[in-house]
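> I am sharing my_file27.txt, which consists of compact mmCIF, N, CA and C atoms:
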# COMPACT_ATOMS: atom_id res chain seq x y z
N MET A 1 13.65 -18.01 8.81
CA MET A 1 13.53 -16.60 9.08
C MET A 1 12.18 -16.13 8.53
N ALA A 2 11.41 -15.49 9.37
CA ALA A 2 10.09 -14.99 8.99
C ALA A 2 10.11 -13.47 8.92
N ILE A 3 9.07 -12.94 8.31
CA ILE A 3 8.92 -11.49 8.23
C ILE A 3 7.82 -11.07 9.18
N GLN A 4 8.11 -10.06 9.98
CA GLN A 4 7.13 -9.50 10.92
C GLN A 4 6.80 -8.08 10.45
N TYR A 5 5.51 -7.79 10.35
CA TYR A 5 5.07 -6.49 9.87
C TYR A 5 4.61 -5.62 11.03
N PHE A 6 5.03 -4.37 11.00
CA PHE A 6 4.66 -3.40 12.03
C PHE A 6 4.13 -2.15 11.35
N ALA A 7 3.12 -1.55 11.98
CA ALA A 7 2.52 -0.34 11.45
C ALA A 7 3.42 0.86 11.70
N ARG A 8 3.55 1.68 10.68
CA ARG A 8 4.24 2.95 10.85
C ARG A 8 3.13 4.00 11.00
N VAL A 9 2.77 4.27 12.24
CA VAL A 9 1.74 5.25 12.54
C VAL A 9 2.45 6.59 12.67
N ARG A 10 2.08 7.53 11.83
CA ARG A 10 2.82 8.77 11.67
C ARG A 10 2.72 9.77 12.82
N SER A 11 1.61 9.73 13.57
CA SER A 11 1.44 10.78 14.58
C SER A 11 0.55 10.30 15.72
N ALA A 12 0.57 11.08 16.80
CA ALA A 12 -0.30 10.79 17.93
C ALA A 12 -1.76 10.92 17.53
N VAL A 13 -2.06 11.82 16.61
CA VAL A 13 -3.44 12.00 16.12
C VAL A 13 -3.90 10.73 15.41
N ASP A 14 -3.06 10.16 14.55
CA ASP A 14 -3.41 8.91 13.88
C ASP A 14 -3.57 7.77 14.90
N HIS A 15 -2.69 7.74 15.87
CA HIS A 15 -2.76 6.71 16.91
C HIS A 15 -4.10 6.79 17.64
N GLU A 16 -4.51 7.99 18.00
CA GLU A 16 -5.80 8.17 18.69
C GLU A 16 -6.96 7.79 17.78
N ALA A 17 -6.85 8.07 16.49
CA ALA A 17 -7.89 7.67 15.55
C ALA A 17 -7.98 6.15 15.46
N PHE A 18 -6.84 5.48 15.42
CA PHE A 18 -6.85 4.01 15.41
C PHE A 18 -7.49 3.46 16.69
N GLN A 19 -7.25 4.12 17.81
CA GLN A 19 -7.87 3.68 19.06
C GLN A 19 -9.39 3.72 18.96
N ARG A 20 -9.94 4.68 18.24
CA ARG A 20 -11.39 4.79 18.09
C ARG A 20 -11.93 3.80 17.04
N VAL A 21 -11.12 3.53 16.01
CA VAL A 21 -11.59 2.75 14.87
C VAL A 21 -11.35 1.25 15.03
N VAL A 22 -10.20 0.87 15.55
CA VAL A 22 -9.77 -0.53 15.59
C VAL A 22 -10.10 -1.14 16.95
N LYS A 23 -10.98 -2.12 16.94
CA LYS A 23 -11.33 -2.80 18.19
C LYS A 23 -10.09 -3.56 18.71
N HIS A 24 -9.80 -3.40 19.98
CA HIS A 24 -8.68 -4.03 20.68
C HIS A 24 -7.31 -3.40 20.36
N TYR A 25 -7.32 -2.23 19.72
CA TYR A 25 -6.08 -1.50 19.49
C TYR A 25 -5.58 -1.01 20.85
N PRO A 26 -4.28 -1.01 21.10
CA PRO A 26 -3.76 -0.61 22.42
C PRO A 26 -4.27 0.77 22.87
N SER A 27 -4.65 0.85 24.13
CA SER A 27 -5.24 2.08 24.65
C SER A 27 -4.21 3.00 25.31
N CYS A 28 -2.95 2.65 25.24
CA CYS A 28 -1.89 3.48 25.84
C CYS A 28 -1.62 4.72 24.99
N THR A 29 -0.80 5.61 25.52
CA THR A 29 -0.43 6.82 24.79
C THR A 29 0.42 6.46 23.57
N TYR A 30 0.52 7.41 22.66
CA TYR A 30 1.33 7.21 21.46
C TYR A 30 2.78 6.91 21.82
N GLU A 31 3.31 7.65 22.78
CA GLU A 31 4.71 7.44 23.19
C GLU A 31 4.91 6.05 23.78
N GLU A 32 3.98 5.61 24.63
CA GLU A 32 4.07 4.27 25.23
C GLU A 32 3.92 3.20 24.15
N TRP A 33 2.98 3.40 23.24
CA TRP A 33 2.78 2.44 22.15
C TRP A 33 4.06 2.34 21.32
N HIS A 34 4.64 3.50 20.98
CA HIS A 34 5.86 3.53 20.18
C HIS A 34 6.99 2.78 20.90
N PHE A 35 7.13 2.98 22.20
CA PHE A 35 8.15 2.29 22.99
C PHE A 35 7.93 0.78 22.96
N ARG A 36 6.68 0.35 23.15
CA ARG A 36 6.37 -1.09 23.15
C ARG A 36 6.63 -1.72 21.79
N GLU A 37 6.24 -1.00 20.74
CA GLU A 37 6.48 -1.53 19.39
C GLU A 37 7.98 -1.66 19.12
N ALA A 38 8.77 -0.68 19.54
CA ALA A 38 10.22 -0.75 19.35
C ALA A 38 10.81 -1.95 20.07
N LYS A 39 10.30 -2.22 21.26
CA LYS A 39 10.77 -3.39 22.02
C LYS A 39 10.41 -4.69 21.30
N LYS A 40 9.18 -4.77 20.79
CA LYS A 40 8.76 -5.97 20.05
C LYS A 40 9.63 -6.17 18.81
N MET A 41 9.91 -5.07 18.11
CA MET A 41 10.75 -5.18 16.91
C MET A 41 12.15 -5.68 17.27
N ALA A 42 12.71 -5.16 18.34
CA ALA A 42 14.04 -5.60 18.77
C ALA A 42 14.02 -7.08 19.14
N ASP A 43 12.96 -7.52 19.79
CA ASP A 43 12.84 -8.94 20.15
C ASP A 43 12.79 -9.81 18.90
N TRP A 44 12.00 -9.40 17.89
CA TRP A 44 11.91 -10.19 16.66
C TRP A 44 13.26 -10.20 15.94
N LYS A 45 13.92 -9.05 15.89
CA LYS A 45 15.22 -8.98 15.22
C LYS A 45 16.24 -9.87 15.93
N ALA A 46 16.17 -9.93 17.25
CA ALA A 46 17.09 -10.78 18.01
C ALA A 46 16.89 -12.25 17.68
N ARG A 47 15.69 -12.59 17.24
CA ARG A 47 15.38 -13.97 16.83
C ARG A 47 15.63 -14.19 15.34
N ARG A 48 16.32 -13.22 14.73
CA ARG A 48 16.71 -13.26 13.32
C ARG A 48 15.53 -13.20 12.35
N HIS A 49 14.48 -12.54 12.76
CA HIS A 49 13.35 -12.30 11.87
C HIS A 49 13.57 -10.96 11.17
N VAL A 50 12.95 -10.81 10.04
CA VAL A 50 12.99 -9.55 9.31
C VAL A 50 11.81 -8.71 9.77
N VAL A 51 12.05 -7.46 10.07
CA VAL A 51 11.00 -6.54 10.48
C VAL A 51 10.77 -5.54 9.35
N LYS A 52 9.51 -5.44 8.93
CA LYS A 52 9.16 -4.49 7.88
C LYS A 52 8.12 -3.52 8.41
N MET A 53 8.37 -2.25 8.16
CA MET A 53 7.43 -1.20 8.55
C MET A 53 6.49 -0.93 7.38
N VAL A 54 5.20 -0.79 7.72
CA VAL A 54 4.18 -0.56 6.69
C VAL A 54 3.42 0.71 7.03
N ASP A 55 3.40 1.65 6.09
CA ASP A 55 2.65 2.89 6.28
C ASP A 55 1.16 2.59 6.19
N ILE A 56 0.40 3.12 7.13
CA ILE A 56 -1.05 2.97 7.11
C ILE A 56 -1.67 4.17 7.82
N SER A 57 -2.82 4.58 7.31
CA SER A 57 -3.54 5.69 7.93
C SER A 57 -4.90 5.19 8.39
N PRO A 58 -5.51 5.89 9.33
CA PRO A 58 -6.85 5.50 9.77
C PRO A 58 -7.85 5.50 8.60
N ALA A 59 -7.75 6.47 7.72
CA ALA A 59 -8.67 6.53 6.57
C ALA A 59 -8.48 5.33 5.66
N GLU A 60 -7.24 4.94 5.45
CA GLU A 60 -6.95 3.78 4.60
C GLU A 60 -7.51 2.49 5.22
N PHE A 61 -7.34 2.34 6.53
CA PHE A 61 -7.86 1.16 7.21
C PHE A 61 -9.39 1.13 7.15
N THR A 62 -10.01 2.26 7.41
CA THR A 62 -11.48 2.34 7.37
C THR A 62 -11.99 2.01 5.97
N ALA A 63 -11.35 2.53 4.95
CA ALA A 63 -11.74 2.26 3.57
C ALA A 63 -11.62 0.77 3.26
N TYR A 64 -10.55 0.14 3.74
CA TYR A 64 -10.37 -1.29 3.52
C TYR A 64 -11.52 -2.08 4.14
N CYS A 65 -11.88 -1.74 5.37
CA CYS A 65 -12.96 -2.45 6.06
C CYS A 65 -14.30 -2.25 5.35
N GLU A 66 -14.55 -1.04 4.89
CA GLU A 66 -15.79 -0.77 4.16
C GLU A 66 -15.82 -1.51 2.83
N ARG A 67 -14.72 -1.54 2.13
CA ARG A 67 -14.63 -2.19 0.82
C ARG A 67 -14.78 -3.71 0.93
N THR A 68 -14.17 -4.30 1.96
CA THR A 68 -14.16 -5.77 2.08
C THR A 68 -15.24 -6.31 3.01
N GLY A 69 -15.83 -5.44 3.82
CA GLY A 69 -16.81 -5.91 4.80
C GLY A 69 -16.17 -6.54 6.03
N ALA A 70 -14.86 -6.37 6.18
CA ALA A 70 -14.14 -6.94 7.32
C ALA A 70 -14.45 -6.16 8.59
N HIS A 71 -14.39 -6.85 9.72
CA HIS A 71 -14.59 -6.19 11.01
C HIS A 71 -13.36 -5.34 11.33
N PRO A 72 -13.56 -4.13 11.80
CA PRO A 72 -12.42 -3.25 12.12
C PRO A 72 -11.80 -3.61 13.47
N ASP A 73 -11.12 -4.74 13.51
CA ASP A 73 -10.49 -5.19 14.74
C ASP A 73 -8.99 -5.36 14.53
N LEU A 74 -8.31 -5.75 15.58
CA LEU A 74 -6.85 -5.86 15.53
C LEU A 74 -6.39 -6.92 14.53
N THR A 75 -7.13 -8.01 14.42
CA THR A 75 -6.77 -9.06 13.46
C THR A 75 -6.80 -8.53 12.04
N THR A 76 -7.85 -7.79 11.72
CA THR A 76 -7.95 -7.18 10.39
C THR A 76 -6.83 -6.17 10.18
N PHE A 77 -6.54 -5.38 11.20
CA PHE A 77 -5.47 -4.39 11.13
C PHE A 77 -4.14 -5.06 10.77
N LEU A 78 -3.82 -6.16 11.42
CA LEU A 78 -2.57 -6.87 11.13
C LEU A 78 -2.59 -7.49 9.74
N LYS A 79 -3.75 -7.96 9.30
CA LYS A 79 -3.89 -8.52 7.95
C LYS A 79 -3.65 -7.45 6.90
N VAL A 80 -4.19 -6.26 7.13
CA VAL A 80 -3.99 -5.16 6.19
C VAL A 80 -2.50 -4.85 6.05
N LEU A 81 -1.78 -4.85 7.16
CA LEU A 81 -0.33 -4.60 7.11
C LEU A 81 0.37 -5.64 6.25
N SER A 82 0.04 -6.88 6.48
CA SER A 82 0.65 -7.98 5.72
C SER A 82 0.30 -7.89 4.24
N ASP A 83 -0.99 -7.66 3.96
CA ASP A 83 -1.44 -7.58 2.56
C ASP A 83 -0.78 -6.39 1.84
N LYS A 84 -0.74 -5.27 2.52
CA LYS A 84 -0.17 -4.06 1.92
C LYS A 84 1.33 -4.23 1.65
N ALA A 85 2.01 -4.89 2.54
CA ALA A 85 3.46 -5.10 2.37
C ALA A 85 3.76 -6.03 1.20
N SER A 86 2.82 -6.87 0.85
CA SER A 86 3.03 -7.84 -0.22
C SER A 86 2.97 -7.20 -1.60
N PHE A 87 2.40 -6.00 -1.69
CA PHE A 87 2.26 -5.36 -3.00
C PHE A 87 3.38 -4.43 -3.29
Show me, as structure tokens, the structure contained in the file I just sent.

Amino acid sequence: MAIQYFARVRSAVDHEAFQRVVKHYPSCTYEEWHFREAKKMADWKARRHVVKMVDISPAEFTAYCERTGAHPDLTTFLKVLSDKASF
């Protein structure tokens, strides 16, 4: 059983900010993104994986990239979720 981390994006405004900041972040609407994420979570749960939600804001992600020198892309975004959940 593995743990899958998902971002808890609080609002459509944050979602739009992530679209501007994170390279390869989904370009769909907040509602569509939320629907897709819910489907992915259900799929992982059906495979008996643990799903953990991680709070993150665009400012927090940007600060992480500036502090570490990481590229602001989807891979880094997912790494931040995993790293943040570990603490």
> Please report, as a PyMOL selection string, each residue of chain A to which DSSP assigns helix (DSSP H, G or I) when run on this structure's backbone.
chain A and resi 12-21+30-46+58-68+74-86
> Just to be explicit: take each residue in the selection above, keep N, CA and C atoms, and write the result as a compact mmCIF listing (two decimals), in the coordinates of the input.

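The resulting file, again02.txt, is reproduced below:
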# COMPACT_ATOMS: atom_id res chain seq x y z
N ALA A 12 0.57 11.08 16.80
CA ALA A 12 -0.30 10.79 17.93
C ALA A 12 -1.76 10.92 17.53
N VAL A 13 -2.06 11.82 16.61
CA VAL A 13 -3.44 12.00 16.12
C VAL A 13 -3.90 10.73 15.41
N ASP A 14 -3.06 10.16 14.55
CA ASP A 14 -3.41 8.91 13.88
C ASP A 14 -3.57 7.77 14.90
N HIS A 15 -2.69 7.74 15.87
CA HIS A 15 -2.76 6.71 16.91
C HIS A 15 -4.10 6.79 17.64
N GLU A 16 -4.51 7.99 18.00
CA GLU A 16 -5.80 8.17 18.69
C GLU A 16 -6.96 7.79 17.78
N ALA A 17 -6.85 8.07 16.49
CA ALA A 17 -7.89 7.67 15.55
C ALA A 17 -7.98 6.15 15.46
N PHE A 18 -6.84 5.48 15.42
CA PHE A 18 -6.85 4.01 15.41
C PHE A 18 -7.49 3.46 16.69
N GLN A 19 -7.25 4.12 17.81
CA GLN A 19 -7.87 3.68 19.06
C GLN A 19 -9.39 3.72 18.96
N ARG A 20 -9.94 4.68 18.24
CA ARG A 20 -11.39 4.79 18.09
C ARG A 20 -11.93 3.80 17.04
N VAL A 21 -11.12 3.53 16.01
CA VAL A 21 -11.59 2.75 14.87
C VAL A 21 -11.35 1.25 15.03
N TYR A 30 0.52 7.41 22.66
CA TYR A 30 1.33 7.21 21.46
C TYR A 30 2.78 6.91 21.82
N GLU A 31 3.31 7.65 22.78
CA GLU A 31 4.71 7.44 23.19
C GLU A 31 4.91 6.05 23.78
N GLU A 32 3.98 5.61 24.63
CA GLU A 32 4.07 4.27 25.23
C GLU A 32 3.92 3.20 24.15
N TRP A 33 2.98 3.40 23.24
CA TRP A 33 2.78 2.44 22.15
C TRP A 33 4.06 2.34 21.32
N HIS A 34 4.64 3.50 20.98
CA HIS A 34 5.86 3.53 20.18
C HIS A 34 6.99 2.78 20.90
N PHE A 35 7.13 2.98 22.20
CA PHE A 35 8.15 2.29 22.99
C PHE A 35 7.93 0.78 22.96
N ARG A 36 6.68 0.35 23.15
CA ARG A 36 6.37 -1.09 23.15
C ARG A 36 6.63 -1.72 21.79
N GLU A 37 6.24 -1.00 20.74
CA GLU A 37 6.48 -1.53 19.39
C GLU A 37 7.98 -1.66 19.12
N ALA A 38 8.77 -0.68 19.54
CA ALA A 38 10.22 -0.75 19.35
C ALA A 38 10.81 -1.95 20.07
N LYS A 39 10.30 -2.22 21.26
CA LYS A 39 10.77 -3.39 22.02
C LYS A 39 10.41 -4.69 21.30
N LYS A 40 9.18 -4.77 20.79
CA LYS A 40 8.76 -5.97 20.05
C LYS A 40 9.63 -6.17 18.81
N MET A 41 9.91 -5.07 18.11
CA MET A 41 10.75 -5.18 16.91
C MET A 41 12.15 -5.68 17.27
N ALA A 42 12.71 -5.16 18.34
CA ALA A 42 14.04 -5.60 18.77
C ALA A 42 14.02 -7.08 19.14
N ASP A 43 12.96 -7.52 19.79
CA ASP A 43 12.84 -8.94 20.15
C ASP A 43 12.79 -9.81 18.90
N TRP A 44 12.00 -9.40 17.89
CA TRP A 44 11.91 -10.19 16.66
C TRP A 44 13.26 -10.20 15.94
N LYS A 45 13.92 -9.05 15.89
CA LYS A 45 15.22 -8.98 15.22
C LYS A 45 16.24 -9.87 15.93
N ALA A 46 16.17 -9.93 17.25
CA ALA A 46 17.09 -10.78 18.01
C ALA A 46 16.89 -12.25 17.68
N PRO A 58 -5.51 5.89 9.33
CA PRO A 58 -6.85 5.50 9.77
C PRO A 58 -7.85 5.50 8.60
N ALA A 59 -7.75 6.47 7.72
CA ALA A 59 -8.67 6.53 6.57
C ALA A 59 -8.48 5.33 5.66
N GLU A 60 -7.24 4.94 5.45
CA GLU A 60 -6.95 3.78 4.60
C GLU A 60 -7.51 2.49 5.22
N PHE A 61 -7.34 2.34 6.53
CA PHE A 61 -7.86 1.16 7.21
C PHE A 61 -9.39 1.13 7.15
N THR A 62 -10.01 2.26 7.41
CA THR A 62 -11.48 2.34 7.37
C THR A 62 -11.99 2.01 5.97
N ALA A 63 -11.35 2.53 4.95
CA ALA A 63 -11.74 2.26 3.57
C ALA A 63 -11.62 0.77 3.26
N TYR A 64 -10.55 0.14 3.74
CA TYR A 64 -10.37 -1.29 3.52
C TYR A 64 -11.52 -2.08 4.14
N CYS A 65 -11.88 -1.74 5.37
CA CYS A 65 -12.96 -2.45 6.06
C CYS A 65 -14.30 -2.25 5.35
N GLU A 66 -14.55 -1.04 4.89
CA GLU A 66 -15.79 -0.77 4.16
C GLU A 66 -15.82 -1.51 2.83
N ARG A 67 -14.72 -1.54 2.13
CA ARG A 67 -14.63 -2.19 0.82
C ARG A 67 -14.78 -3.71 0.93
N THR A 68 -14.17 -4.30 1.96
CA THR A 68 -14.16 -5.77 2.08
C THR A 68 -15.24 -6.31 3.01
N LEU A 74 -8.31 -5.75 15.58
CA LEU A 74 -6.85 -5.86 15.53
C LEU A 74 -6.39 -6.92 14.53
N THR A 75 -7.13 -8.01 14.42
CA THR A 75 -6.77 -9.06 13.46
C THR A 75 -6.80 -8.53 12.04
N THR A 76 -7.85 -7.79 11.72
CA THR A 76 -7.95 -7.18 10.39
C THR A 76 -6.83 -6.17 10.18
N PHE A 77 -6.54 -5.38 11.20
CA PHE A 77 -5.47 -4.39 11.13
C PHE A 77 -4.14 -5.06 10.77
N LEU A 78 -3.82 -6.16 11.42
CA LEU A 78 -2.57 -6.87 11.13
C LEU A 78 -2.59 -7.49 9.74
N LYS A 79 -3.75 -7.96 9.30
CA LYS A 79 -3.89 -8.52 7.95
C LYS A 79 -3.65 -7.45 6.90
N VAL A 80 -4.19 -6.26 7.13
CA VAL A 80 -3.99 -5.16 6.19
C VAL A 80 -2.50 -4.85 6.05
N LEU A 81 -1.78 -4.85 7.16
CA LEU A 81 -0.33 -4.60 7.11
C LEU A 81 0.37 -5.64 6.25
N SER A 82 0.04 -6.88 6.48
CA SER A 82 0.65 -7.98 5.72
C SER A 82 0.30 -7.89 4.24
N ASP A 83 -0.99 -7.66 3.96
CA ASP A 83 -1.44 -7.58 2.56
C ASP A 83 -0.78 -6.39 1.84
N LYS A 84 -0.74 -5.27 2.52
CA LYS A 84 -0.17 -4.06 1.92
C LYS A 84 1.33 -4.23 1.65
N ALA A 85 2.01 -4.89 2.54
CA ALA A 85 3.46 -5.10 2.37
C ALA A 85 3.76 -6.03 1.20
N SER A 86 2.82 -6.87 0.85
CA SER A 86 3.03 -7.84 -0.22
C SER A 86 2.97 -7.20 -1.60
> Nearest to Arg8 (chain A) among A:His34, A:Lys23, A:Met41, A:Met53, with distances taken over all atoms listed in the file: which residue is it?
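Closest to Arg8 (chain A) of all the choices is A:Met53.
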> List every residue of chain A that DSSP, applied to the backbone of this structure, places in strand (DSSP E or B), and write the result as a list in words.
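Result set for chain A (strand (DSSP E or B)): Ile3, Gln4, Tyr5, Phe6, Ala7, Arg8, Lys23, Val50, Val51, Lys52, Met53, Val54, Asp55 and Asp73 of chain A.
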> So, with only C-alpha atoms as the atoms that count, which of A:Ala70, A:Val80, A:Val50, A:Ile56 lies closest to Ile3 (chain A)?
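Closest to Ile3 (chain A), using only C-alpha atoms: A:Val50.
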> Between CA of His15 (chain A) and atom C of Lys40 (chain A), measure the distance and give it in Å to one decimal.
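Pair CA of His15 (chain A) / atom C of Lys40 (chain A) returns 18.0 Å.
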> Would you work out the distance separating atom N of Val13 (chain A) from atom N of Glu32 (chain A), expressed in Å to one decimal?
11.8 Å
> Report, in Å with one decimal, the straight-line distance from atom N of Phe18 (chain A) to atom C of Phe77 (chain A).
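Calculated distance between atom N of Phe18 (chain A) and atom C of Phe77 (chain A) is 11.8 Å.
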> Nearest to Ser82 (chain A) among A:Gln19, A:Phe6, A:His49, A:Phe35, with distances taken over all atoms listed in the file: which residue is it?
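Of the candidates, the smallest distance to Ser82 (chain A) is held by A:Phe6.
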> Considering only C-alpha atoms, state which residue in the set A:Thr75, A:Lys84, A:Tyr5, A:Glu31 is at the smallest distance from Glu60 (chain A).
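Result for the nearest residue to Glu60 (chain A): A:Lys84.
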> Could you give me, as a list in words, the residues that sit within 7 Å of (-7.0, -6.7, 16.6) in the file's coordinates, counting all atoms listed in the file?
Val22, Lys23, His24, Tyr25, Pro72, Asp73, Leu74, Thr75, Thr76, Phe77 and Leu78 of chain A
